[in-house]
Each structure stands twice: as C-alpha cells, then as structure tokens.
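*Asks:* Here it is, the structure in full.
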Amino acid sequence: RIDLVPRVLMTEPRSEYIHFLPSIGSQQLNVRFIVHPGREGELNRYEDLHRLSVGVKRGTAYFEPFDSDGQLDRVYASDDAQLVAMFRADRLDAIAVLDAIPMETQLQAMNFHDYSYAHYAHQQTLDNHFGASLARYQGDRHALYDRLAAELERMRADGEIALIYRRHGVTPPDEAN
C-alpha cells in the first residue's frame with residue numbers, strides 16, 4: 001500500500017520487490033561503529049568485527065560483505081532505541097551506525113553518554129533512490145512511475161533537488177555518477 005519510500009539503498013535482494021527510481025544524487029554515507037569508551041582501538045579493521053557482538057537494525061542494508069557475512073555475531077533490533085538499550089545493558093560490544101544523527105539523537109534522548117566511535121569505519125558513497133513497489137510498477141503504476149522518474153532526472157539536472165535540500169538547511173547529495 002506504500003507508493004514511495006525515500007532513501008532506499010539499492011541491493012540485489014531488494015531488486016526482486018522494489019522498483020528503483022533514478023538516483024537524485026550520491027552521498028557519502030559511511031558506516032561507523034559505536035563502542036564502549038576505551039575500546040575504540042579494538043576495532044581497527046573489518047576483520048575485528050568477527051570478535052564482537054554487533055547490534056544492527058533489522059532490514060537495514062549496511063554494506064557488503066557485512067550484510068552477508070555469516071561469521072559475524074549480529075544482534076537484530078527494530079530501532080535505535082532498542083539498540084541503545086541493549087548497548088547500555090552491555091548486551092552488545094558495538095552498534096553499526098549508518099545514519100549518525102538519528103542514533104545520536106536517541107542516545108541523547110536516553111541520557112546515555114558513555115559511548116565512543118571505533119577507529120574503523122567503512123567508507124562508501126551511495127546513490128540516493130526512491131523505491132516503489134515492483135508489483136505496482138509492473139501493474140497499474142508503470143506510466144506514473146516512469147513520469148516521476150523523468151521528473152526526478154530533470155529536477156536533478158536543473159539543480160532543483162539541491163535547491164530543495166538547501167531551503168531546508170540540509171546538505172544536498174552530490175550529483176549522481
């Protein structure tokens with residue numbers, strides 16, 4: 001019943017049920033890891049994750065090979081609040097963070113300041129897509145989604161998307177490659 005979802009990361013498994021509209025731009029969206037203070041140096045490279053219990057949000061795509069690594073001890077949570085509560089109770093060694101602002105907002109809301117970021121971060125630049133139901137695209141919404149795709153491409157090319165972001169005090173995505 002949902003027509004569009006903003007900022008959907010394109011992954012192969014998602015392409016089986018999501019129709020991705022053209023990217024409105026790309027953005028640096030690094031995955032960082034929250035750890036307990038004093039343990040920042042225990043996570044210096046990807047392989048160090050294999051020794052830790054890592055909290056992740058269910059349904060979130062972080063990066064490959066992290067998303068499909070069967071050797072990782074991932075602990076799934078439904079939202080940031082649940083991740084923070086588990087971390088605070090020492091049930092997690094680390095939390096994978098794709099978007100730091102909402103996570104830090106949740107940490108502050110729970111008045112929890114006993115955390116730090118690990119030395120390791122996975123650096124990545126991602127395209128910013130809207131996602132639509134593939135079934136609806138293949139059904140009665142095909143022409144509508146194609147028109148929307150053309151309009152998004154025009155808005156990106158004309159700089160209108162960047163203008164909208166700036167109007168709301170948000171850094172716009174870079175031009176998509």
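Ordered as shown in the structure tokens, chains take letters A, B, and onward, while each chain numbers its residues from 1 and ligands are numbered from 1 in the order shown.
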Write out as number ranges by chain which residues come within 12 Å of His113 (chain A) when counting only C-alpha atoms, dropping same-chain ones fewer than 6 positions away.
*Replies:* A: 34-37, 84, 87-88, 103-107
*Asks:* Emit the selected residues as a PDB file, in the first residue's frame, including N, CA, C and O atoms.
*Replies:*
```pdb
ATOM      1  N   ILE A  34      29.672   2.273  17.036  1.00  0.00           N
ATOM      2  CA  ILE A  34      29.704   2.756  18.415  1.00  0.00           C
ATOM      3  C   ILE A  34      30.242   1.635  19.291  1.00  0.00           C
ATOM      4  O   ILE A  34      29.833   0.474  19.154  1.00  0.00           O
ATOM      5  N   VAL A  35      31.171   2.002  20.180  1.00  0.00           N
ATOM      6  CA  VAL A  35      31.753   1.048  21.118  1.00  0.00           C
ATOM      7  C   VAL A  35      31.806   1.699  22.500  1.00  0.00           C
ATOM      8  O   VAL A  35      31.555   2.895  22.639  1.00  0.00           O
ATOM      9  N   HIS A  36      32.126   0.901  23.486  1.00  0.00           N
ATOM     10  CA  HIS A  36      32.284   1.435  24.834  1.00  0.00           C
ATOM     11  C   HIS A  36      33.591   2.229  24.911  1.00  0.00           C
ATOM     12  O   HIS A  36      34.586   1.858  24.275  1.00  0.00           O
ATOM     13  N   PRO A  37      33.620   3.325  25.656  1.00  0.00           N
ATOM     14  CA  PRO A  37      34.843   4.134  25.779  1.00  0.00           C
ATOM     15  C   PRO A  37      36.034   3.273  26.200  1.00  0.00           C
ATOM     16  O   PRO A  37      35.908   2.369  27.023  1.00  0.00           O
ATOM     17  N   VAL A  84      20.259   1.066  21.565  1.00  0.00           N
ATOM     18  CA  VAL A  84      20.882   1.805  22.665  1.00  0.00           C
ATOM     19  C   VAL A  84      20.624   1.097  23.996  1.00  0.00           C
ATOM     20  O   VAL A  84      21.536   0.966  24.827  1.00  0.00           O
ATOM     21  N   PHE A  87      22.916  -1.897  24.205  1.00  0.00           N
ATOM     22  CA  PHE A  87      24.300  -1.461  24.377  1.00  0.00           C
ATOM     23  C   PHE A  87      24.528  -0.984  25.808  1.00  0.00           C
ATOM     24  O   PHE A  87      25.513  -1.339  26.452  1.00  0.00           O
ATOM     25  N   ARG A  88      23.586  -0.211  26.306  1.00  0.00           N
ATOM     26  CA  ARG A  88      23.663   0.321  27.671  1.00  0.00           C
ATOM     27  C   ARG A  88      23.690  -0.803  28.701  1.00  0.00           C
ATOM     28  O   ARG A  88      24.359  -0.705  29.733  1.00  0.00           O
ATOM     29  N   MET A 103      20.827   8.190  15.437  1.00  0.00           N
ATOM     30  CA  MET A 103      21.376   7.390  16.536  1.00  0.00           C
ATOM     31  C   MET A 103      21.811   8.289  17.688  1.00  0.00           C
ATOM     32  O   MET A 103      21.504   8.023  18.855  1.00  0.00           O
ATOM     33  N   GLU A 104      22.514   9.371  17.386  1.00  0.00           N
ATOM     34  CA  GLU A 104      22.964  10.262  18.452  1.00  0.00           C
ATOM     35  C   GLU A 104      21.790  10.976  19.116  1.00  0.00           C
ATOM     36  O   GLU A 104      21.825  11.239  20.317  1.00  0.00           O
ATOM     37  N   THR A 105      20.748  11.249  18.366  1.00  0.00           N
ATOM     38  CA  THR A 105      19.533  11.826  18.951  1.00  0.00           C
ATOM     39  C   THR A 105      18.931  10.855  19.960  1.00  0.00           C
ATOM     40  O   THR A 105      18.509  11.255  21.048  1.00  0.00           O
ATOM     41  N   GLN A 106      18.912   9.576  19.610  1.00  0.00           N
ATOM     42  CA  GLN A 106      18.375   8.560  20.523  1.00  0.00           C
ATOM     43  C   GLN A 106      19.255   8.412  21.755  1.00  0.00           C
ATOM     44  O   GLN A 106      18.753   8.281  22.877  1.00  0.00           O
ATOM     45  N   LEU A 107      20.558   8.432  21.580  1.00  0.00           N
ATOM     46  CA  LEU A 107      21.473   8.350  22.727  1.00  0.00           C
ATOM     47  C   LEU A 107      21.224   9.508  23.687  1.00  0.00           C
ATOM     48  O   LEU A 107      21.168   9.315  24.911  1.00  0.00           O
TER      49      LEU A 107
END
```
*Asks:* Enumerate, as a CSV table (one decimal) with N, CA, C and O atoms, in the first residue's frame, the complete set of residues in chain A that a backbone-based DSSP assignment places in alpha helix (DSSP H).
*Replies:*
```csv
chain,number,residue,atom,x,y,z
A,80,ASP,N,16.6,2.3,16.8
A,80,ASP,CA,17.7,2.8,17.5
A,80,ASP,C,17.5,2.7,19.0
A,80,ASP,O,18.5,2.4,19.8
A,81,ALA,N,16.3,2.9,19.5
A,81,ALA,CA,16.1,2.9,21.0
A,81,ALA,C,16.4,1.5,21.5
A,81,ALA,O,17.0,1.4,22.6
A,82,GLN,N,16.0,0.5,20.8
A,82,GLN,CA,16.3,-0.9,21.3
A,82,GLN,C,17.8,-1.2,21.2
A,82,GLN,O,18.4,-1.8,22.1
A,83,LEU,N,18.5,-0.7,20.2
A,83,LEU,CA,19.9,-0.9,20.1
A,83,LEU,C,20.6,-0.2,21.3
A,83,LEU,O,21.5,-0.7,21.9
A,84,VAL,N,20.3,1.1,21.6
A,84,VAL,CA,20.9,1.8,22.7
A,84,VAL,C,20.6,1.1,24.0
A,84,VAL,O,21.5,1.0,24.8
A,85,ALA,N,19.4,0.6,24.2
A,85,ALA,CA,19.1,-0.1,25.5
A,85,ALA,C,20.0,-1.3,25.6
A,85,ALA,O,20.5,-1.6,26.7
A,86,MET,N,20.1,-2.1,24.6
A,86,MET,CA,21.0,-3.3,24.6
A,86,MET,C,22.4,-2.9,24.9
A,86,MET,O,23.1,-3.6,25.6
A,87,PHE,N,22.9,-1.9,24.2
A,87,PHE,CA,24.3,-1.5,24.4
A,87,PHE,C,24.5,-1.0,25.8
A,87,PHE,O,25.5,-1.3,26.5
A,88,ARG,N,23.6,-0.2,26.3
A,88,ARG,CA,23.7,0.3,27.7
A,88,ARG,C,23.7,-0.8,28.7
A,88,ARG,O,24.4,-0.7,29.7
A,100,ALA,N,24.3,8.7,11.6
A,100,ALA,CA,24.7,9.0,12.9
A,100,ALA,C,23.7,10.0,13.6
A,100,ALA,O,23.5,9.9,14.8
A,101,ILE,N,23.0,10.9,12.9
A,101,ILE,CA,22.2,11.9,13.5
A,101,ILE,C,21.0,11.2,14.3
A,101,ILE,O,20.8,11.5,15.5
A,102,PRO,N,20.2,10.3,13.7
A,102,PRO,CA,19.2,9.7,14.5
A,102,PRO,C,19.7,8.9,15.6
A,102,PRO,O,19.1,8.9,16.7
A,103,MET,N,20.8,8.2,15.4
A,103,MET,CA,21.4,7.4,16.5
A,103,MET,C,21.8,8.3,17.7
A,103,MET,O,21.5,8.0,18.9
A,104,GLU,N,22.5,9.4,17.4
A,104,GLU,CA,23.0,10.3,18.5
A,104,GLU,C,21.8,11.0,19.1
A,104,GLU,O,21.8,11.2,20.3
A,105,THR,N,20.7,11.2,18.4
A,105,THR,CA,19.5,11.8,19.0
A,105,THR,C,18.9,10.9,20.0
A,105,THR,O,18.5,11.3,21.0
A,106,GLN,N,18.9,9.6,19.6
A,106,GLN,CA,18.4,8.6,20.5
A,106,GLN,C,19.3,8.4,21.8
A,106,GLN,O,18.8,8.3,22.9
A,107,LEU,N,20.6,8.4,21.6
A,107,LEU,CA,21.5,8.3,22.7
A,107,LEU,C,21.2,9.5,23.7
A,107,LEU,O,21.2,9.3,24.9
A,108,GLN,N,21.1,10.7,23.1
A,108,GLN,CA,20.8,11.9,24.0
A,108,GLN,C,19.4,11.8,24.7
A,108,GLN,O,19.3,12.1,25.8
A,109,ALA,N,18.4,11.3,23.9
A,109,ALA,CA,17.1,11.2,24.5
A,109,ALA,C,17.1,10.2,25.7
A,109,ALA,O,16.3,10.4,26.6
A,134,LEU,N,7.6,-3.0,-6.8
A,134,LEU,CA,7.9,-3.5,-8.2
A,134,LEU,C,6.6,-4.1,-8.7
A,134,LEU,O,6.3,-4.0,-9.9
A,135,ALA,N,5.8,-4.7,-7.9
A,135,ALA,CA,4.5,-5.3,-8.3
A,135,ALA,C,3.6,-4.2,-8.9
A,135,ALA,O,2.9,-4.4,-9.9
A,136,ARG,N,3.5,-3.1,-8.2
A,136,ARG,CA,2.7,-1.9,-8.6
A,136,ARG,C,3.3,-1.3,-9.9
A,136,ARG,O,2.5,-0.9,-10.8
A,137,TYR,N,4.6,-1.3,-10.0
A,137,TYR,CA,5.2,-0.7,-11.2
A,137,TYR,C,4.9,-1.6,-12.4
A,137,TYR,O,4.6,-1.1,-13.5
A,138,GLN,N,5.0,-2.9,-12.2
A,138,GLN,CA,4.7,-3.8,-13.3
A,138,GLN,C,3.2,-3.9,-13.6
A,138,GLN,O,2.8,-4.4,-14.6
A,142,HIS,N,2.9,1.7,-13.8
A,142,HIS,CA,4.0,1.8,-14.7
A,142,HIS,C,4.2,3.2,-15.3
A,142,HIS,O,5.3,3.8,-15.2
A,143,ALA,N,3.2,3.7,-15.9
A,143,ALA,CA,3.3,5.1,-16.6
A,143,ALA,C,3.5,6.2,-15.5
A,143,ALA,O,4.3,7.1,-15.8
A,144,LEU,N,2.9,6.1,-14.4
A,144,LEU,CA,3.1,7.1,-13.3
A,144,LEU,C,4.5,7.1,-12.8
A,144,LEU,O,5.1,8.2,-12.7
A,145,TYR,N,5.1,5.9,-12.5
A,145,TYR,CA,6.4,5.9,-12.0
A,145,TYR,C,7.4,6.3,-13.1
A,145,TYR,O,8.5,6.9,-12.8
A,146,ASP,N,7.2,6.0,-14.4
A,146,ASP,CA,8.1,6.4,-15.4
A,146,ASP,C,8.1,8.0,-15.6
A,146,ASP,O,9.1,8.6,-15.8
A,147,ARG,N,6.9,8.6,-15.4
A,147,ARG,CA,6.8,10.1,-15.4
A,147,ARG,C,7.5,10.7,-14.2
A,147,ARG,O,8.2,11.7,-14.4
A,148,LEU,N,7.4,10.0,-13.1
A,148,LEU,CA,8.1,10.5,-11.9
A,148,LEU,C,9.6,10.4,-12.1
A,148,LEU,O,10.3,11.3,-11.7
A,149,ALA,N,10.0,9.3,-12.6
A,149,ALA,CA,11.5,9.1,-12.9
A,149,ALA,C,12.0,10.2,-13.8
A,149,ALA,O,13.1,10.8,-13.5
A,150,ALA,N,11.3,10.5,-14.8
A,150,ALA,CA,11.7,11.6,-15.8
A,150,ALA,C,11.8,12.9,-15.1
A,150,ALA,O,12.7,13.7,-15.3
A,151,GLU,N,10.8,13.2,-14.2
A,151,GLU,CA,10.7,14.5,-13.5
A,151,GLU,C,11.9,14.5,-12.5
A,151,GLU,O,12.5,15.6,-12.3
A,152,LEU,N,12.2,13.5,-11.8
A,152,LEU,CA,13.3,13.5,-10.8
A,152,LEU,C,14.6,13.7,-11.6
A,152,LEU,O,15.5,14.4,-11.1
A,153,GLU,N,14.8,13.1,-12.7
A,153,GLU,CA,16.0,13.3,-13.5
A,153,GLU,C,16.1,14.8,-13.9
A,153,GLU,O,17.2,15.4,-13.9
A,154,ARG,N,15.0,15.4,-14.4
A,154,ARG,CA,15.0,16.8,-14.8
A,154,ARG,C,15.4,17.7,-13.6
A,154,ARG,O,16.2,18.6,-13.7
A,155,MET,N,14.7,17.4,-12.4
A,155,MET,CA,15.0,18.2,-11.2
A,155,MET,C,16.4,18.1,-10.8
A,155,MET,O,17.0,19.1,-10.4
A,156,ARG,N,17.0,16.9,-10.9
A,156,ARG,CA,18.5,16.8,-10.5
A,156,ARG,C,19.3,17.6,-11.5
A,156,ARG,O,20.2,18.4,-11.1
A,157,ALA,N,19.1,17.4,-12.8
A,157,ALA,CA,19.8,18.1,-13.8
A,157,ALA,C,19.7,19.6,-13.7
A,157,ALA,O,20.7,20.4,-13.9
A,158,ASP,N,18.5,20.1,-13.4
A,158,ASP,CA,18.3,21.6,-13.3
A,158,ASP,C,18.8,22.2,-11.9
A,158,ASP,O,18.7,23.4,-11.7
A,160,GLU,N,17.3,21.7,-9.1
A,160,GLU,CA,16.1,21.9,-8.2
A,160,GLU,C,16.2,21.0,-7.0
A,160,GLU,O,15.8,21.5,-5.9
A,161,ILE,N,16.7,19.8,-7.1
A,161,ILE,CA,16.8,19.0,-5.9
A,161,ILE,C,17.8,19.6,-4.9
A,161,ILE,O,17.4,19.7,-3.7
A,162,ALA,N,18.9,20.1,-5.3
A,162,ALA,CA,19.9,20.7,-4.4
A,162,ALA,C,19.2,21.9,-3.8
A,162,ALA,O,19.4,22.2,-2.6
A,163,LEU,N,18.5,22.7,-4.5
A,163,LEU,CA,17.8,23.9,-4.0
A,163,LEU,C,16.8,23.5,-2.9
A,163,LEU,O,16.8,24.2,-1.9
A,164,ILE,N,16.1,22.4,-3.1
A,164,ILE,CA,15.1,22.0,-2.1
A,164,ILE,C,15.8,21.6,-0.8
A,164,ILE,O,15.4,22.0,0.3
A,165,TYR,N,16.9,20.9,-0.9
A,165,TYR,CA,17.7,20.5,0.2
A,165,TYR,C,18.2,21.7,1.0
A,165,TYR,O,18.1,21.8,2.2
A,166,ARG,N,18.8,22.6,0.3
A,166,ARG,CA,19.4,23.8,0.9
A,166,ARG,C,18.3,24.7,1.6
A,166,ARG,O,18.5,25.3,2.6
A,167,ARG,N,17.1,24.8,0.9
A,167,ARG,CA,16.0,25.5,1.5
A,167,ARG,C,15.6,25.0,2.9
A,167,ARG,O,15.2,25.7,3.8
```
*Asks:* Measuring atom to atom with only C-alpha atoms, identify which of A:Ala132, A:Val170, A:Ala77, A:Leu21 is nearest to Val5 (chain A).
*Replies:*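 Ranking A:Ala132, A:Val170, A:Ala77, A:Leu21 by distance to Val5 (chain A), first place goes to A:Ala132.
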*Asks:* Excluding Arg58 (chain A) and any residue of its chain fewer than 5 positions from it, enumerate the residues within 8 Å of it, using only C-alpha atoms, and give them as a compact mmCIF listing (two decimals) with N, CA, C and O atoms, in the first residue's frame.
*Replies:*
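part-v7.txt written:
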```
# COMPACT_ATOMS: atom_id res chain seq x y z
N TYR A 76 19.97 -8.38 16.19
CA TYR A 76 19.00 -7.55 15.48
C TYR A 76 18.07 -6.81 16.44
O TYR A 76 17.66 -7.35 17.46
N ALA A 77 17.75 -5.58 16.06
CA ALA A 77 16.82 -4.75 16.83
C ALA A 77 15.89 -4.06 15.85
O ALA A 77 16.21 -3.89 14.67
N SER A 78 14.75 -3.64 16.36
CA SER A 78 13.76 -3.00 15.49
C SER A 78 14.04 -1.51 15.28
O SER A 78 13.61 -0.94 14.29
N ASP A 79 14.78 -0.88 16.21
CA ASP A 79 15.01 0.56 16.08
C ASP A 79 16.22 0.99 16.92
O ASP A 79 16.81 0.19 17.65
```
*Asks:* Tell me, in Å to one decimal, how far CA of Arg74 (chain A) is from CA of Val56 (chain A).
*Replies:* 6.6 Å
*Asks:* What is the CA of Val97 (chain A)-CA of Tyr17 (chain A) distance in Å, reported with one decimal?
*Replies:*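 Rounded to one decimal, the two atoms are 25.0 Å apart.
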*Asks:* Assign secondary structure with DSSP using the backbone only, and return the residues of region 9-53 of chain A in strand (DSSP E) as a PyMOL selection string.
*Replies:* chain A and resi 18-20+26-28+31-35+53
*Asks:* Pull all heavy atoms from the residues just selected and write them as an mmCIF file, in the first residue's frame.
*Replies:*
```
data_model
loop_
_atom_site.group_PDB
_atom_site.id
_atom_site.type_symbol
_atom_site.label_atom_id
_atom_site.label_comp_id
_atom_site.auth_asym_id
_atom_site.auth_seq_id
_atom_site.Cartn_x
_atom_site.Cartn_y
_atom_site.Cartn_z
ATOM 1 N N ILE A 18 11.488 -4.258 -5.287
ATOM 2 C CA ILE A 18 11.475 -2.795 -5.327
ATOM 3 C C ILE A 18 11.839 -2.311 -6.721
ATOM 4 O O ILE A 18 12.818 -2.781 -7.319
ATOM 5 C CB ILE A 18 12.467 -2.190 -4.307
ATOM 6 C CG1 ILE A 18 12.050 -2.539 -2.879
ATOM 7 C CG2 ILE A 18 12.558 -0.675 -4.474
ATOM 8 C CD1 ILE A 18 13.030 -2.060 -1.813
ATOM 9 N N HIS A 19 11.067 -1.374 -7.236
ATOM 10 C CA HIS A 19 11.428 -0.654 -8.460
ATOM 11 C C HIS A 19 12.140 0.610 -8.006
ATOM 12 O O HIS A 19 11.566 1.434 -7.296
ATOM 13 C CB HIS A 19 10.175 -0.309 -9.272
ATOM 14 C CG HIS A 19 10.463 0.617 -10.403
ATOM 15 N ND1 HIS A 19 11.170 0.227 -11.514
ATOM 16 C CD2 HIS A 19 10.155 1.927 -10.584
ATOM 17 C CE1 HIS A 19 11.277 1.255 -12.328
ATOM 18 N NE2 HIS A 19 10.681 2.300 -11.792
ATOM 19 N N PHE A 20 13.411 0.757 -8.413
ATOM 20 C CA PHE A 20 14.202 1.918 -8.017
ATOM 21 C C PHE A 20 14.074 3.009 -9.056
ATOM 22 O O PHE A 20 14.332 2.787 -10.237
ATOM 23 C CB PHE A 20 15.671 1.533 -7.834
ATOM 24 C CG PHE A 20 15.902 0.638 -6.652
ATOM 25 C CD1 PHE A 20 15.919 -0.747 -6.792
ATOM 26 C CD2 PHE A 20 16.084 1.176 -5.393
ATOM 27 C CE1 PHE A 20 16.120 -1.568 -5.703
ATOM 28 C CE2 PHE A 20 16.291 0.358 -4.286
ATOM 29 C CZ PHE A 20 16.310 -1.020 -4.444
ATOM 30 N N SER A 26 24.299 11.385 -5.174
ATOM 31 C CA SER A 26 25.022 10.438 -4.326
ATOM 32 C C SER A 26 25.484 11.162 -3.074
ATOM 33 O O SER A 26 25.595 12.390 -3.050
ATOM 34 C CB SER A 26 26.207 9.836 -5.083
ATOM 35 O OG SER A 26 27.088 10.840 -5.510
ATOM 36 N N GLN A 27 25.717 10.395 -2.033
ATOM 37 C CA GLN A 27 26.145 10.990 -0.776
ATOM 38 C C GLN A 27 27.117 10.069 -0.063
ATOM 39 O O GLN A 27 27.036 8.845 -0.180
ATOM 40 C CB GLN A 27 24.949 11.319 0.108
ATOM 41 C CG GLN A 27 24.123 10.124 0.529
ATOM 42 C CD GLN A 27 22.817 10.512 1.178
ATOM 43 O OE1 GLN A 27 21.771 10.315 0.610
ATOM 44 N NE2 GLN A 27 22.894 11.042 2.378
ATOM 45 N N GLN A 28 28.032 10.677 0.654
ATOM 46 C CA GLN A 28 28.960 9.931 1.493
ATOM 47 C C GLN A 28 28.156 9.454 2.698
ATOM 48 O O GLN A 28 27.616 10.267 3.444
ATOM 49 C CB GLN A 28 30.114 10.829 1.926
ATOM 50 C CG GLN A 28 31.219 10.125 2.652
ATOM 51 C CD GLN A 28 32.110 9.319 1.725
ATOM 52 O OE1 GLN A 28 32.227 9.643 0.563
ATOM 53 N NE2 GLN A 28 32.713 8.285 2.245
ATOM 54 N N VAL A 31 29.596 3.797 7.263
ATOM 55 C CA VAL A 31 29.102 3.013 8.391
ATOM 56 C C VAL A 31 30.157 3.100 9.483
ATOM 57 O O VAL A 31 31.316 2.743 9.281
ATOM 58 C CB VAL A 31 28.838 1.546 7.997
ATOM 59 C CG1 VAL A 31 28.405 0.742 9.218
ATOM 60 C CG2 VAL A 31 27.787 1.472 6.899
ATOM 61 N N ARG A 32 29.732 3.619 10.635
ATOM 62 C CA ARG A 32 30.610 3.753 11.794
ATOM 63 C C ARG A 32 30.116 2.789 12.863
ATOM 64 O O ARG A 32 29.008 2.278 12.779
ATOM 65 C CB ARG A 32 30.593 5.193 12.289
ATOM 66 C CG ARG A 32 31.101 6.156 11.207
ATOM 67 C CD ARG A 32 30.982 7.586 11.602
ATOM 68 N NE ARG A 32 31.908 7.874 12.699
ATOM 69 C CZ ARG A 32 31.802 8.943 13.491
ATOM 70 N NH1 ARG A 32 30.825 9.808 13.320
ATOM 71 N NH2 ARG A 32 32.661 9.141 14.454
ATOM 72 N N PHE A 33 30.931 2.585 13.879
ATOM 73 C CA PHE A 33 30.588 1.621 14.929
ATOM 74 C C PHE A 33 30.751 2.265 16.293
ATOM 75 O O PHE A 33 31.841 2.735 16.640
ATOM 76 C CB PHE A 33 31.461 0.370 14.797
ATOM 77 C CG PHE A 33 31.208 -0.376 13.522
ATOM 78 C CD1 PHE A 33 31.901 -0.062 12.367
ATOM 79 C CD2 PHE A 33 30.244 -1.364 13.463
ATOM 80 C CE1 PHE A 33 31.654 -0.717 11.174
ATOM 81 C CE2 PHE A 33 29.979 -2.028 12.275
ATOM 82 C CZ PHE A 33 30.691 -1.703 11.128
ATOM 83 N N ILE A 34 29.672 2.273 17.036
ATOM 84 C CA ILE A 34 29.704 2.756 18.415
ATOM 85 C C ILE A 34 30.242 1.635 19.291
ATOM 86 O O ILE A 34 29.833 0.474 19.154
ATOM 87 C CB ILE A 34 28.296 3.194 18.875
ATOM 88 C CG1 ILE A 34 27.927 4.507 18.178
ATOM 89 C CG2 ILE A 34 28.222 3.325 20.391
ATOM 90 C CD1 ILE A 34 26.537 5.015 18.514
ATOM 91 N N VAL A 35 31.171 2.002 20.180
ATOM 92 C CA VAL A 35 31.753 1.048 21.118
ATOM 93 C C VAL A 35 31.806 1.699 22.500
ATOM 94 O O VAL A 35 31.555 2.895 22.639
ATOM 95 C CB VAL A 35 33.180 0.617 20.683
ATOM 96 C CG1 VAL A 35 33.146 -0.170 19.381
ATOM 97 C CG2 VAL A 35 34.113 1.816 20.570
ATOM 98 N N SER A 53 30.014 -8.767 19.314
ATOM 99 C CA SER A 53 28.565 -8.829 19.073
ATOM 100 C C SER A 53 28.170 -7.431 18.594
ATOM 101 O O SER A 53 28.439 -6.430 19.267
ATOM 102 C CB SER A 53 27.805 -9.212 20.337
ATOM 103 O OG SER A 53 28.027 -8.264 21.358
#
```
*Asks:* Could you jot down the CA of Gly38 (chain A) to CA of Ser68 (chain A) separation for me, Å, one decimal place?
*Replies:*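 Spanning CA of Gly38 (chain A) to CA of Ser68 (chain A) is a straight-line distance of 28.7 Å.
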*Asks:* My list of candidates is A:His129, A:Arg51, A:His168, A:Arg141. Which is closest to Ile24 (chain A) when distances are computed with only C-alpha atoms?
*Replies:*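 Among A:His129, A:Arg51, A:His168, A:Arg141, it is A:His129 that comes nearest to Ile24 (chain A).
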